[in-house]
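*Asks:* Structure file query18.tsv (TSV, C-alpha atoms) right here:
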chain	number	residue	atom	x	y	z
V	1	MET	CA	35.78	14.43	-18.25
V	2	LYS	CA	34.79	18.03	-18.86
V	3	LEU	CA	32.80	20.69	-17.06
V	4	GLY	CA	29.36	20.50	-18.70
V	5	TYR	CA	26.93	22.33	-16.45
V	6	THR	CA	26.69	24.81	-13.65
V	7	ILE	CA	23.26	24.23	-12.13
V	8	ILE	CA	21.88	26.59	-9.52
V	9	TYR	CA	18.83	25.64	-7.44
V	10	VAL	CA	16.43	28.59	-7.25
V	11	ALA	CA	12.98	29.30	-5.87
V	12	ASP	CA	11.57	30.59	-9.20
V	13	VAL	CA	13.12	29.30	-12.45
V	14	PRO	CA	11.22	31.49	-14.99
V	15	ALA	CA	11.84	34.65	-12.92
V	16	THR	CA	15.54	33.81	-12.72
V	17	VAL	CA	15.73	33.20	-16.48
V	18	GLY	CA	14.07	36.59	-17.10
V	19	PHE	CA	16.53	38.29	-14.79
V	20	TYR	CA	19.60	36.75	-16.46
V	21	GLU	CA	18.23	37.75	-19.87
V	22	ARG	CA	17.74	41.38	-18.82
V	23	ALA	CA	20.74	41.77	-16.55
V	24	PHE	CA	23.43	39.96	-18.55
V	25	GLY	CA	21.94	39.72	-22.05
V	26	LEU	CA	21.99	35.90	-22.02
V	27	GLY	CA	19.64	33.98	-24.28
V	28	CYS	CA	17.50	31.17	-22.93
V	29	ARG	CA	18.10	27.76	-24.53
V	30	PHE	CA	14.97	26.17	-23.08
V	31	VAL	CA	12.61	26.09	-20.14
V	32	HIS	CA	11.05	22.75	-19.26
V	33	GLU	CA	7.23	22.87	-19.23
V	34	SER	CA	7.26	22.05	-15.51
V	35	ASN	CA	9.05	25.39	-14.95
V	36	LEU	CA	11.46	23.42	-12.76
V	37	TYR	CA	14.46	23.47	-15.12
V	38	ALA	CA	15.96	25.85	-17.68
V	39	GLU	CA	19.19	26.24	-19.60
V	40	MET	CA	20.80	29.46	-20.78
V	41	GLU	CA	22.77	29.99	-24.02
V	42	THR	CA	26.26	29.97	-22.54
V	43	GLY	CA	28.14	27.89	-25.08
V	44	GLU	CA	29.70	24.56	-24.28
V	45	THR	CA	29.43	24.92	-20.51
V	46	VAL	CA	25.76	25.29	-19.71
V	47	LEU	CA	24.46	27.60	-17.02
V	48	ALA	CA	21.20	26.03	-15.86
V	49	PHE	CA	18.61	26.71	-13.17
V	50	ALA	CA	16.66	24.03	-11.32
V	51	GLY	CA	13.64	24.58	-9.09
V	52	GLU	CA	14.21	23.77	-5.44
V	53	PRO	CA	11.75	20.82	-5.46
V	54	MET	CA	14.19	19.18	-7.92
V	55	ALA	CA	16.69	18.85	-5.07
V	56	GLU	CA	14.51	16.41	-3.17
V	57	MET	CA	13.57	14.59	-6.40
V	58	ASN	CA	17.30	14.11	-7.01
V	59	GLY	CA	17.77	12.75	-3.49
V	60	LEU	CA	19.63	15.88	-2.40
V	61	ALA	CA	19.22	18.31	0.44
V	62	ILE	CA	20.33	21.90	-0.12
V	63	ARG	CA	20.53	25.19	1.71
V	64	PRO	CA	18.30	27.48	-0.40
V	65	ASN	CA	19.89	30.59	-1.94
V	66	ARG	CA	18.16	33.75	-0.69
V	67	ASN	CA	19.12	37.40	-1.01
V	68	THR	CA	18.31	37.88	2.68
V	69	GLU	CA	21.01	35.36	3.66
V	70	ILE	CA	24.80	35.35	3.56
V	71	ALA	CA	25.84	34.44	0.01
V	72	ALA	CA	26.83	30.81	-0.59
V	73	GLY	CA	30.55	30.29	-1.13
V	74	PHE	CA	30.69	30.32	-4.92
V	75	GLU	CA	30.37	32.82	-7.74
V	76	ILE	CA	29.50	32.91	-11.42
V	77	ALA	CA	31.78	35.19	-13.46
V	78	PHE	CA	30.79	36.94	-16.70
V	79	VAL	CA	33.57	38.32	-18.89
V	80	THR	CA	32.92	41.42	-20.98
V	81	ASP	CA	34.87	44.18	-22.77
V	82	ASP	CA	33.02	46.80	-20.75
V	83	PRO	CA	32.49	45.72	-17.13
V	84	ARG	CA	31.39	49.18	-15.96
V	85	THR	CA	28.47	49.39	-18.40
V	86	ALA	CA	27.58	45.72	-17.77
V	87	TYR	CA	27.54	46.39	-14.02
V	88	ALA	CA	25.19	49.35	-14.44
V	89	THR	CA	22.92	47.29	-16.71
V	90	ALA	CA	22.78	44.46	-14.18
V	91	VAL	CA	21.96	46.78	-11.29
V	92	ALA	CA	19.29	48.53	-13.37
V	93	ALA	CA	17.77	45.08	-14.07
V	94	GLY	CA	17.47	44.35	-10.37
V	95	ALA	CA	20.86	42.93	-9.33
V	96	ALA	CA	22.02	44.02	-5.87
V	97	ALA	CA	25.13	46.19	-6.09
V	98	ILE	CA	27.95	44.77	-3.98
V	99	LYS	CA	31.21	46.20	-5.38
V	100	PRO	CA	31.46	48.47	-8.42
V	101	PRO	CA	34.05	47.42	-11.02
V	102	ALA	CA	37.58	48.42	-10.07
V	103	GLU	CA	40.96	47.65	-11.60
V	104	LYS	CA	43.02	44.91	-9.96
V	105	PRO	CA	46.83	45.23	-9.75
V	106	TRP	CA	47.10	42.81	-12.70
V	107	GLY	CA	44.98	45.06	-14.91
V	108	GLN	CA	41.68	43.14	-14.78
V	109	VAL	CA	38.53	45.14	-14.01
V	110	VAL	CA	36.31	43.26	-11.52
V	111	GLY	CA	32.94	44.07	-9.91
V	112	TYR	CA	30.37	42.06	-7.95
V	113	VAL	CA	26.59	41.95	-7.74
V	114	ARG	CA	24.14	39.44	-6.25
V	115	ASP	CA	21.29	38.06	-8.32
V	116	PRO	CA	17.71	38.09	-6.90
V	117	ASN	CA	18.37	34.62	-5.42
V	118	GLY	CA	21.33	36.01	-3.51
V	119	CYS	CA	23.98	34.26	-5.65
V	120	LEU	CA	27.27	36.12	-6.17
V	121	ILE	CA	27.97	37.23	-9.74
V	122	GLU	CA	31.32	38.62	-10.83
V	123	ILE	CA	31.41	40.99	-13.81
V	124	CYS	CA	34.92	41.35	-15.16
V	125	SER	CA	37.16	42.05	-18.11
V	126	ALA	CA	39.35	39.30	-19.53
V	127	VAL	CA	42.70	38.87	-17.79
V	128	GLY	CA	45.28	40.78	-19.80
V	129	GLY	CA	42.44	42.24	-21.90
G	1	MET	CA	-15.38	-7.21	8.33
G	2	ILE	CA	-14.22	-3.70	7.47
G	3	THR	CA	-12.46	-1.70	10.18
G	4	PRO	CA	-11.82	2.02	9.63
G	5	MET	CA	-8.55	3.44	10.91
G	6	VAL	CA	-7.16	6.97	11.07
G	7	THR	CA	-3.48	7.25	11.90
G	8	GLY	CA	-2.16	10.66	12.91
G	9	PRO	CA	1.16	12.26	12.05
G	10	ALA	CA	3.82	10.25	13.81
G	11	THR	CA	7.35	10.50	15.12
G	12	ARG	CA	7.24	6.86	16.23
G	13	PHE	CA	6.50	3.62	14.43
G	14	HIS	CA	3.35	1.57	14.90
G	15	MET	CA	3.45	-2.20	14.79
G	16	ALA	CA	0.45	-3.44	12.84
G	17	PRO	CA	-0.12	-7.17	13.26
G	18	ILE	CA	-1.64	-8.53	10.08
G	19	ALA	CA	-3.79	-11.65	10.30
G	20	ALA	CA	-3.74	-14.02	7.35
G	21	GLY	CA	-6.26	-12.95	4.73
G	22	THR	CA	-6.32	-9.30	5.84
G	23	SER	CA	-6.24	-6.66	3.12
G	24	TYR	CA	-5.43	-2.99	3.61
G	25	VAL	CA	-6.80	-0.09	1.61
G	26	GLY	CA	-5.38	3.29	2.49
G	27	VAL	CA	-4.25	6.70	1.39
G	28	ARG	CA	-1.29	8.60	2.74
G	29	LEU	CA	-2.11	12.30	2.92
G	30	ARG	CA	0.54	14.82	1.96
G	31	PRO	CA	1.68	16.96	4.93
G	32	GLY	CA	-0.59	19.98	5.05
G	33	THR	CA	-3.63	18.33	3.43
G	34	ALA	CA	-4.79	15.97	6.20
G	35	ARG	CA	-6.38	18.70	8.32
G	36	GLY	CA	-8.75	19.68	5.51
G	37	VAL	CA	-9.46	16.12	4.36
G	38	LEU	CA	-10.23	14.78	7.85
G	39	GLY	CA	-11.69	18.02	9.20
G	40	MET	CA	-9.95	17.74	12.53
G	41	ASP	CA	-7.13	19.20	14.60
G	42	LEU	CA	-4.21	16.94	13.76
G	43	GLY	CA	-2.39	17.71	17.01
G	44	MET	CA	-5.09	15.62	18.73
G	45	ILE	CA	-4.06	12.48	16.85
G	46	ALA	CA	-0.28	12.97	16.74
G	47	ASN	CA	1.33	9.58	17.41
G	48	ARG	CA	-2.12	7.99	17.78
G	49	SER	CA	-4.27	5.66	15.76
G	50	LEU	CA	-8.04	5.81	15.90
G	51	VAL	CA	-9.48	2.37	15.19
G	52	GLY	CA	-13.11	1.28	14.68
G	53	ASP	CA	-15.65	3.37	16.63
G	54	ALA	CA	-13.03	5.95	17.60
G	55	ALA	CA	-12.30	6.55	13.88
G	56	LEU	CA	-16.04	6.74	13.06
G	57	THR	CA	-16.66	9.27	15.83
G	58	ALA	CA	-13.83	11.47	14.57
G	59	VAL	CA	-14.66	11.15	10.86
G	60	PRO	CA	-18.32	10.06	10.48
G	61	GLU	CA	-17.99	9.87	6.65
G	62	LEU	CA	-15.89	6.74	7.14
G	63	GLY	CA	-19.14	4.91	7.89
G	64	THR	CA	-20.32	5.23	4.29
G	65	LEU	CA	-16.87	4.39	2.97
G	66	CYS	CA	-16.87	1.18	5.00
G	67	ALA	CA	-20.22	-0.09	3.69
G	68	PRO	CA	-19.96	-3.64	2.35
G	69	ALA	CA	-18.23	-3.86	-1.02
G	70	GLU	CA	-17.85	-6.47	-3.76
G	71	ASN	CA	-14.08	-6.40	-3.50
G	72	VAL	CA	-11.05	-4.47	-2.28
G	73	ASP	CA	-10.88	-2.37	-5.47
G	74	GLU	CA	-14.35	-1.00	-4.87
G	75	LEU	CA	-13.30	0.10	-1.36
G	76	ALA	CA	-10.17	1.72	-2.74
G	77	ASP	CA	-12.14	3.60	-5.42
G	78	ARG	CA	-14.58	4.89	-2.82
G	79	LEU	CA	-11.78	6.09	-0.57
G	80	LEU	CA	-9.91	7.78	-3.43
G	81	ALA	CA	-13.05	9.53	-4.66
G	82	PHE	CA	-13.76	10.81	-1.14
G	83	VAL	CA	-10.22	12.13	-0.66
G	84	ALA	CA	-10.07	13.64	-4.19
G	85	GLU	CA	-13.31	15.51	-3.53
G	86	ARG	CA	-12.06	16.85	-0.19
G	87	VAL	CA	-8.66	17.81	-1.64
G	88	SER	CA	-10.20	19.66	-4.59
G	89	GLY	CA	-11.94	22.14	-2.29
G	90	LEU	CA	-8.87	22.56	-0.12
G	91	MET	CA	-7.10	25.85	0.46
G	92	VAL	CA	-3.72	25.41	2.13
G	93	ASP	CA	-2.23	28.84	2.69
G	94	ALA	CA	0.86	29.60	0.62
G	95	LEU	CA	3.18	30.31	3.54
G	96	SER	CA	2.40	27.00	5.29
G	97	GLU	CA	2.97	25.16	2.02
G	98	ASP	CA	6.28	26.99	1.41
G	99	LEU	CA	7.46	26.24	4.95
G	100	ILE	CA	6.71	22.52	4.54
G	101	ASP	CA	8.42	22.51	1.11
G	102	THR	CA	11.52	24.12	2.62
G	103	LEU	CA	11.74	21.38	5.26
G	104	HIS	CA	11.85	18.89	2.36
G	105	VAL	CA	14.31	20.88	0.19
G	106	THR	CA	16.73	21.18	3.11
G	107	GLY	CA	16.37	17.52	4.08
G	108	GLY	CA	15.20	18.57	7.56
G	109	ARG	CA	18.73	19.71	8.31
G	110	LEU	CA	18.27	23.44	8.93
G	111	PRO	CA	17.51	24.83	12.39
G	112	ILE	CA	13.97	26.23	12.59
G	113	ALA	CA	15.42	29.73	13.12
G	114	ASP	CA	17.09	29.43	9.68
G	115	ILE	CA	13.81	28.30	8.09
G	116	ALA	CA	12.15	31.38	9.63
G	117	ASN	CA	14.90	33.66	8.25
G	118	LEU	CA	14.57	32.17	4.75
G	119	HIS	CA	10.91	33.22	4.73
G	120	THR	CA	11.50	36.46	6.68
G	121	VAL	CA	8.97	35.46	9.33
G	122	ASP	CA	9.59	34.88	13.03
G	123	VAL	CA	10.10	31.50	14.65
G	124	ARG	CA	6.71	31.63	16.37
G	125	THR	CA	4.99	31.99	13.01
G	126	VAL	CA	6.82	28.93	11.70
G	127	ARG	CA	5.78	26.95	14.79
G	128	ARG	CA	2.17	28.02	14.54
G	129	ARG	CA	1.79	27.39	10.80
G	130	ILE	CA	3.54	24.03	10.68
G	131	SER	CA	1.87	22.69	13.83
G	132	CYS	CA	-1.54	23.72	12.53
G	133	ALA	CA	-0.95	22.29	9.04
G	134	THR	CA	0.71	19.01	10.02
G	135	GLY	CA	-0.06	18.28	13.68
G	136	LEU	CA	3.66	18.07	14.44
G	137	THR	CA	6.04	20.78	15.65
G	138	PRO	CA	8.52	22.09	13.03
G	139	LYS	CA	11.33	20.26	14.83
G	140	GLN	CA	9.37	16.98	14.76
G	141	MET	CA	8.51	17.46	11.07
G	142	ALA	CA	12.16	18.20	10.30
G	143	MET	CA	13.19	15.01	12.13
G	144	VAL	CA	10.69	12.94	10.12
G	145	VAL	CA	11.91	14.45	6.82
G	146	GLN	CA	15.53	13.83	7.83
G	147	PHE	CA	14.76	10.23	8.82
G	148	HIS	CA	12.92	9.52	5.55
G	149	ARG	CA	15.84	10.94	3.57
G	150	ALA	CA	18.32	8.85	5.55
G	151	LEU	CA	16.23	5.74	4.77
G	152	ARG	CA	16.37	6.57	1.05
G	153	LEU	CA	20.11	7.30	1.12
G	154	ARG	CA	20.80	4.03	2.94
G	155	PHE	CA	18.40	1.63	1.21
G	156	HIS	CA	17.67	3.20	-2.20
G	157	HIS	CA	20.98	4.95	-2.98
G	158	GLY	CA	22.88	2.12	-1.28
G	159	LEU	CA	25.17	4.36	0.78
G	160	ASP	CA	27.02	2.73	3.67
G	161	VAL	CA	26.00	3.55	7.23
G	162	ALA	CA	28.81	6.05	7.87
G	163	SER	CA	28.22	8.01	4.65
G	164	THR	CA	24.47	8.05	5.26
G	165	ALA	CA	24.93	9.52	8.75
G	166	ILE	CA	27.13	12.32	7.40
G	167	GLU	CA	24.97	13.24	4.38
G	168	ALA	CA	21.69	13.04	6.30
G	169	GLY	CA	23.15	15.34	8.95
G	170	TYR	CA	23.30	13.16	12.05
G	171	ALA	CA	25.99	13.87	14.64
G	172	ASP	CA	27.40	10.36	14.24
G	173	GLN	CA	26.39	6.77	13.49
G	174	ALA	CA	25.20	6.17	17.05
G	175	HIS	CA	22.87	9.16	16.80
G	176	MET	CA	21.47	7.89	13.50
G	177	SER	CA	20.98	4.36	14.87
G	178	ARG	CA	19.06	5.76	17.82
G	179	VAL	CA	16.76	7.76	15.52
G	180	PHE	CA	16.20	4.75	13.21
G	181	ARG	CA	15.26	2.62	16.24
G	182	LEU	CA	12.92	5.23	17.78
G	183	MET	CA	11.23	6.48	14.62
G	184	GLY	CA	11.24	3.37	12.47
G	185	GLY	CA	11.91	0.44	14.77
G	186	VAL	CA	14.67	-0.55	12.36
G	187	SER	CA	18.44	-0.69	12.28
G	188	PRO	CA	20.50	1.19	9.66
G	189	ALA	CA	22.63	-1.93	9.36
G	190	ARG	CA	20.21	-3.96	7.27
G	191	LEU	CA	17.17	-3.49	5.06
G	192	PRO	CA	14.05	-3.98	7.16
G	193	ASP	CA	11.79	-6.80	5.98
G	194	LEU	CA	8.71	-4.85	6.99
G	195	VAL	CA	6.73	-2.11	5.35
G	196	LEU	CA	7.27	1.50	6.32
G	197	ALA	CA	4.45	3.91	5.53
G	198	GLY	CA	5.31	6.06	2.54
G	199	PHE	CA	8.49	4.18	1.84
G	200	SER	CA	8.20	1.70	-0.99
G	201	ILE	CA	10.48	-1.30	-0.71
Render the structure in this file as structure tokens.
*Replies:*
Amino acid sequence: MKLGYTIIYVADVPATVGFYERAFGLGCRFVHESNLYAEMETGETVLAFAGEPMAEMNGLAIRPNRNTEIAAGFEIAFVTDDPRTAYATAVAAGAAAIKPPAEKPWGQVVGYVRDPNGCLIEICSAVGG
Amino acid sequence: MITPMVTGPATRFHMAPIAAGTSYVGVRLRPGTARGVLGMDLGMIANRSLVGDAALTAVPELGTLCAPAENVDELADRLLAFVAERVSGLMVDALSEDLIDTLHVTGGRLPIADIANLHTVDVRTVRRRISCATGLTPKQMAMVVQFHRALRLRFHHGLDVASTAIEAGYADQAHMSRVFRLMGGVSPARLPDLVLAGFSI
């Protein structure tokens, strides 16, 4: 078994795709014509967004992600050579600033923002990089 | 003989005795649409069925729909055309629709205060909008959504009773059994051999 997808349920799939393109420079692999599902170009492990109505269609019940709520207990982490510039780009694109990048004792630079859905995003340098 | 019947939003089950040779033609209206289609305050018919003259008084158009027909299909076509026409001119406000959708997305498990917070409106607004759109209070709607999901988990997904109670969000199995009995007249222990509205078996 391998980790294939990270799928986040969101209120507005196309808006979320647009944000991830602008804020983190990701490409979009495809958006389903229903606008209820999209995949980003993130290599072998796919970051995907599903519209909230998909939850019920899949027989699930979820607590919706909202930026007015406490963040859900997970984060997506993007690794870059220049976390400080990436952080500024993300915030300029509409991410909510949470913690500007700072160096950890082990040398990694780590910052946090929340996306417009309220999901936690870590922006960091590679460990030992 | 053709008998018109309007059944309101319900938190309880109705037993409908079916005589041999009886056929049913019906449409189930999506929560939020019934008020516009029927043109009435749904709170008035919550947990009630209007049968025969009572249905005709409330929705006079049913008289035309119940005119003699060649066969059951003709009746069904008439009913569908009537509902489609009413639905096409329907304006359900966006907030009410979003609030109802959120009850479904969350499986009816979130407290109404949390639903209000998600939409940054106050609890009274949620009560007013959902009651007006569906004829049930938000809590009652949430309970119906939760019950329907539990039915699907138990009888479509094939989960056992204990797992169903946990995933559907009931306090324990006894709580779930009580809700199944009150709302559906069924036991979670075995697949009911009767038809539940909106739940294909």
*Asks:* Show me, as a list in words, the residues of chain G whose atoms get within 6 Å of chain V, using only C-alpha atoms for the distance check.
*Replies:* Val105, Thr106 and Gly107 of chain G
*Asks:* Please identify all polymer residues within 10 Å of segment 175-179 of chain G, counting all atoms listed in the file, omitting same-chain residues fewer than 3 positions from it, and present them as a ChimeraX atom specification.
*Replies:* /G:11-12,143-144,146-147,150,161-162,164-166,168-172,182-189
*Asks:* Next, dump the selected residues to file, keeping only C-alpha atoms, as a PDB file, in the coordinates of the input.
*Replies:*
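Output file again-v4.pdb follows:
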ATOM      1  CA  THR G  11       7.350  10.500  15.120  1.00  0.00           C
ATOM      2  CA  ARG G  12       7.240   6.860  16.230  1.00  0.00           C
ATOM      3  CA  MET G 143      13.190  15.010  12.130  1.00  0.00           C
ATOM      4  CA  VAL G 144      10.690  12.940  10.120  1.00  0.00           C
ATOM      5  CA  GLN G 146      15.530  13.830   7.830  1.00  0.00           C
ATOM      6  CA  PHE G 147      14.760  10.230   8.820  1.00  0.00           C
ATOM      7  CA  ALA G 150      18.320   8.850   5.550  1.00  0.00           C
ATOM      8  CA  VAL G 161      26.000   3.550   7.230  1.00  0.00           C
ATOM      9  CA  ALA G 162      28.810   6.050   7.870  1.00  0.00           C
ATOM     10  CA  THR G 164      24.470   8.050   5.260  1.00  0.00           C
ATOM     11  CA  ALA G 165      24.930   9.520   8.750  1.00  0.00           C
ATOM     12  CA  ILE G 166      27.130  12.320   7.400  1.00  0.00           C
ATOM     13  CA  ALA G 168      21.690  13.040   6.300  1.00  0.00           C
ATOM     14  CA  GLY G 169      23.150  15.340   8.950  1.00  0.00           C
ATOM     15  CA  TYR G 170      23.300  13.160  12.050  1.00  0.00           C
ATOM     16  CA  ALA G 171      25.990  13.870  14.640  1.00  0.00           C
ATOM     17  CA  ASP G 172      27.400  10.360  14.240  1.00  0.00           C
ATOM     18  CA  LEU G 182      12.920   5.230  17.780  1.00  0.00           C
ATOM     19  CA  MET G 183      11.230   6.480  14.620  1.00  0.00           C
ATOM     20  CA  GLY G 184      11.240   3.370  12.470  1.00  0.00           C
ATOM     21  CA  GLY G 185      11.910   0.440  14.770  1.00  0.00           C
ATOM     22  CA  VAL G 186      14.670  -0.550  12.360  1.00  0.00           C
ATOM     23  CA  SER G 187      18.440  -0.690  12.280  1.00  0.00           C
ATOM     24  CA  PRO G 188      20.500   1.190   9.660  1.00  0.00           C
ATOM     25  CA  ALA G 189      22.630  -1.930   9.360  1.00  0.00           C
TER      26      ALA G 189
END
*Asks:* Here is a test: counting only C-alpha atoms, which residue of G:Ile45, G:Ala81, G:Leu95, G:Ile100 is nearest to His119 of chain G?
*Replies:*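 Counting only C-alpha atoms, the residue closest to His119 of chain G is G:Leu95.
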*Asks:* Applying 8 Å and all atoms listed in the file, which residues near Pro83 of chain V remain after dropping the ones on its own chain fewer than 2 positions away? List them as a PyMOL selection string.
*Replies:* chain V and resi 79-81+85-87+101+109-111+123-125
*Asks:* Would you mind listing what lies within 7 Å of segment 24-36 of chain G as a PyMOL selection string, with only C-alpha atoms counted and same-chain residues fewer than 5 positions away left out?
*Replies:* chain G and resi 41-42+76+90+92+97+133-134
*Asks:* How many Å separate atom CA of Trp106 of chain V from atom CA of Phe74 of chain V?
*Replies:*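 Going from atom CA of Trp106 of chain V over to atom CA of Phe74 of chain V, I get 22.0 Å.
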*Asks:* Which is closer to Leu36 of chain V than all the others in V:Phe24, V:Asp12, V:Gly18, V:Gly73, using only C-alpha atoms?
*Replies:* V:Asp12
*Asks:* Which value, in Å to one decimal, gives the distance between atom CA of Ser163 of chain G and atom CA of Pro111 of chain G?
*Replies:* 21.4 Å
*Asks:* With a distance cut-off of 12 Å and only C-alpha atoms, select the neighbouring residues of Gly27 of chain V, excluding the residue or stretch itself and same-chain residues fewer than 3 positions from it, and output the selection as a list in words.
*Replies:*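 Result of the neighbour search: Val17, Gly18, Phe19, Tyr20, Glu21, Arg22, Ala23, Phe24, Phe30, Val31, Ala38, Glu39, Met40, Glu41, Thr42, Gly43, Val46, Leu47 and Ala48 of chain V.
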*Asks:* Using 3 Å of padding on each side, determine the axis-aligned box around all atoms of segment 2-10 of chain V present in the file and give its centre and edge lengths in Å to one decimal, as AutoDock Vina command-line options.
*Replies:*
--center_x 25.6 --center_y 23.3 --center_z -13.1 --size_x 24.4 --size_y 16.6 --size_z 17.6
*Asks:* Record the distance separating atom CA of His104 of chain G and atom CA of Pro138 of chain G, expressed in Å with one decimal.
*Replies:* 11.6 Å
*Asks:* Neighbouring residues of Tyr9 of chain V were defined as those with any atom within 7 Å, considering all atoms listed in the file; residues of the same chain fewer than 2 positions away were excluded. Please report them as a list in words.
*Replies:*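 After dropping sequence-adjacent residues, the list is Ile7, Phe49, Ala50, Gly51 and Glu52 of chain V.
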